[in-house]
Amino acid sequence: MPSGPSEVQVRPGFEAGPEALTDLWNRSVRETAVTFDTVAHLPEERRHWLLSHP
């Protein structure tokens, strides 16, 4: 377990592109219980959502 503060870097989501973010989200949908989503998304479906969260 880390004993001190850790550094976190946050960048605008669009730099990674909808494909990378959708892939990460879909992995959580398929393999974990951290989301209530039960169906994976396509990058085209997530583009509007991503652009609405600057």
# chains A, B, ... in the order shown; residues from 1 in each chain; ligands from 1

call {"tool": "residues_around", "arguments": {"residues": "A:His41", "least_positions_apart": "6", "cutoff": "12 Å", "atoms": "only C-alpha atoms", "output": "PyMOL selection string"}}
result
chain A and resi 18-30+47+49

call {"tool": "write_last_selection", "arguments": {"atoms": "all heavy atoms", "output": "short mmCIF file (atom, residue, chain, number, x, y, z; two decimals), in the first residue's frame"}}
result
data_model
loop_
_atom_site.label_atom_id
_atom_site.label_comp_id
_atom_site.auth_asym_id
_atom_site.auth_seq_id
_atom_site.Cartn_x
_atom_site.Cartn_y
_atom_site.Cartn_z
N PRO A 18 -12.69 8.54 -28.67
CA PRO A 18 -13.83 7.75 -28.18
C PRO A 18 -13.55 6.25 -28.21
O PRO A 18 -14.08 5.52 -27.40
CB PRO A 18 -14.97 8.11 -29.12
CG PRO A 18 -14.51 9.24 -29.95
CD PRO A 18 -13.04 9.39 -29.79
N GLU A 19 -12.71 5.80 -29.14
CA GLU A 19 -12.44 4.36 -29.23
C GLU A 19 -11.76 3.85 -27.96
O GLU A 19 -12.17 2.84 -27.39
CB GLU A 19 -11.57 4.06 -30.45
CG GLU A 19 -12.26 4.32 -31.77
CD GLU A 19 -12.25 5.80 -32.17
OE1 GLU A 19 -11.51 6.60 -31.57
OE2 GLU A 19 -13.01 6.15 -33.08
N ALA A 20 -10.73 4.55 -27.52
CA ALA A 20 -9.98 4.10 -26.34
C ALA A 20 -10.84 4.17 -25.08
O ALA A 20 -10.84 3.25 -24.25
CB ALA A 20 -8.72 4.94 -26.16
N LEU A 21 -11.59 5.26 -24.92
CA LEU A 21 -12.43 5.40 -23.73
C LEU A 21 -13.58 4.39 -23.73
O LEU A 21 -13.93 3.85 -22.69
CB LEU A 21 -12.97 6.82 -23.63
CG LEU A 21 -11.90 7.87 -23.34
CD1 LEU A 21 -12.50 9.27 -23.45
CD2 LEU A 21 -11.29 7.66 -21.97
N THR A 22 -14.15 4.15 -24.89
CA THR A 22 -15.24 3.17 -24.99
C THR A 22 -14.72 1.78 -24.69
O THR A 22 -15.39 1.00 -24.00
CB THR A 22 -15.89 3.23 -26.38
OG1 THR A 22 -16.37 4.55 -26.61
CG2 THR A 22 -17.06 2.26 -26.48
N ASP A 23 -13.53 1.46 -25.18
CA ASP A 23 -12.94 0.15 -24.89
C ASP A 23 -12.73 -0.03 -23.39
O ASP A 23 -13.04 -1.08 -22.82
CB ASP A 23 -11.62 0.00 -25.63
CG ASP A 23 -11.00 -1.36 -25.43
OD1 ASP A 23 -11.71 -2.37 -25.62
OD2 ASP A 23 -9.80 -1.42 -25.08
N LEU A 24 -12.22 1.00 -22.73
CA LEU A 24 -12.01 0.94 -21.28
C LEU A 24 -13.34 0.76 -20.55
O LEU A 24 -13.46 -0.08 -19.65
CB LEU A 24 -11.31 2.21 -20.81
CG LEU A 24 -11.03 2.32 -19.33
CD1 LEU A 24 -10.04 1.25 -18.89
CD2 LEU A 24 -10.47 3.71 -19.02
N TRP A 25 -14.35 1.53 -20.94
CA TRP A 25 -15.67 1.42 -20.30
C TRP A 25 -16.29 0.05 -20.53
O TRP A 25 -16.79 -0.57 -19.60
CB TRP A 25 -16.60 2.51 -20.83
CG TRP A 25 -17.93 2.49 -20.14
CD1 TRP A 25 -19.09 1.94 -20.59
CD2 TRP A 25 -18.21 2.99 -18.83
NE1 TRP A 25 -20.08 2.09 -19.66
CE2 TRP A 25 -19.57 2.73 -18.57
CE3 TRP A 25 -17.45 3.64 -17.87
CZ2 TRP A 25 -20.17 3.10 -17.38
CZ3 TRP A 25 -18.06 4.00 -16.69
CH2 TRP A 25 -19.41 3.74 -16.45
N ASN A 26 -16.21 -0.43 -21.77
CA ASN A 26 -16.81 -1.73 -22.08
C ASN A 26 -16.15 -2.86 -21.30
O ASN A 26 -16.81 -3.82 -20.91
CB ASN A 26 -16.76 -2.00 -23.58
CG ASN A 26 -17.76 -1.17 -24.34
OD1 ASN A 26 -18.72 -0.67 -23.78
ND2 ASN A 26 -17.53 -1.03 -25.63
N ARG A 27 -14.88 -2.76 -21.05
CA ARG A 27 -14.20 -3.76 -20.23
C ARG A 27 -14.80 -3.78 -18.82
O ARG A 27 -15.03 -4.84 -18.24
CB ARG A 27 -12.70 -3.48 -20.16
CG ARG A 27 -11.93 -4.60 -19.50
CD ARG A 27 -10.44 -4.38 -19.49
NE ARG A 27 -9.98 -3.86 -20.76
CZ ARG A 27 -8.99 -2.98 -20.88
NH1 ARG A 27 -8.35 -2.54 -19.82
NH2 ARG A 27 -8.61 -2.55 -22.07
N SER A 28 -15.10 -2.59 -18.29
CA SER A 28 -15.73 -2.52 -16.97
C SER A 28 -17.13 -3.12 -16.99
O SER A 28 -17.55 -3.78 -16.05
CB SER A 28 -15.80 -1.07 -16.49
OG SER A 28 -14.52 -0.56 -16.29
N VAL A 29 -17.86 -2.89 -18.08
CA VAL A 29 -19.22 -3.44 -18.21
C VAL A 29 -19.16 -4.97 -18.22
O VAL A 29 -19.94 -5.64 -17.55
CB VAL A 29 -19.91 -2.92 -19.50
CG1 VAL A 29 -21.21 -3.66 -19.77
CG2 VAL A 29 -20.15 -1.42 -19.40
N ARG A 30 -18.23 -5.52 -18.99
CA ARG A 30 -18.15 -6.98 -19.15
C ARG A 30 -17.55 -7.70 -17.94
O ARG A 30 -17.95 -8.81 -17.62
CB ARG A 30 -17.29 -7.32 -20.37
CG ARG A 30 -17.94 -7.02 -21.70
CD ARG A 30 -17.10 -7.55 -22.85
NE ARG A 30 -15.71 -7.13 -22.78
CZ ARG A 30 -15.21 -6.06 -23.39
NH1 ARG A 30 -15.99 -5.29 -24.12
NH2 ARG A 30 -13.93 -5.75 -23.28
N ARG A 47 -19.55 9.10 -28.65
CA ARG A 47 -18.95 10.36 -29.10
C ARG A 47 -19.73 11.57 -28.57
O ARG A 47 -19.14 12.50 -28.03
CB ARG A 47 -18.86 10.39 -30.62
CG ARG A 47 -18.16 11.62 -31.16
CD ARG A 47 -18.00 11.57 -32.66
NE ARG A 47 -17.27 10.39 -33.11
CZ ARG A 47 -15.93 10.27 -33.12
NH1 ARG A 47 -15.20 11.25 -32.69
NH2 ARG A 47 -15.37 9.17 -33.55
N TRP A 49 -21.72 11.78 -25.95
CA TRP A 49 -21.53 11.87 -24.51
C TRP A 49 -20.17 12.48 -24.18
O TRP A 49 -20.07 13.35 -23.34
CB TRP A 49 -21.65 10.48 -23.89
CG TRP A 49 -21.34 10.48 -22.43
CD1 TRP A 49 -22.19 10.73 -21.41
CD2 TRP A 49 -20.06 10.25 -21.82
NE1 TRP A 49 -21.54 10.67 -20.21
CE2 TRP A 49 -20.21 10.38 -20.44
CE3 TRP A 49 -18.80 9.96 -22.32
CZ2 TRP A 49 -19.16 10.22 -19.56
CZ3 TRP A 49 -17.75 9.79 -21.43
CH2 TRP A 49 -17.94 9.93 -20.07
#

call {"tool": "residues_around", "arguments": {"residues": "A:Pro12", "least_positions_apart": "5", "cutoff": "12 Å", "atoms": "only C-alpha atoms", "output": "MDAnalysis selection string"}}
result
chainID A and resid 17:18 21 50:51 53:54

call {"tool": "select_by_dssp", "arguments": {"residues": "stretch 18-47 of chain A", "states": "helix (DSSP H, G or I)", "output": "ChimeraX atom specification"}}
result
/A:18-31,43-47

call {"tool": "atom_distance", "arguments": {"atom1": "atom CA of A:Val10", "atom2": "atom CA of A:Arg46"}}
result
19.4 Å
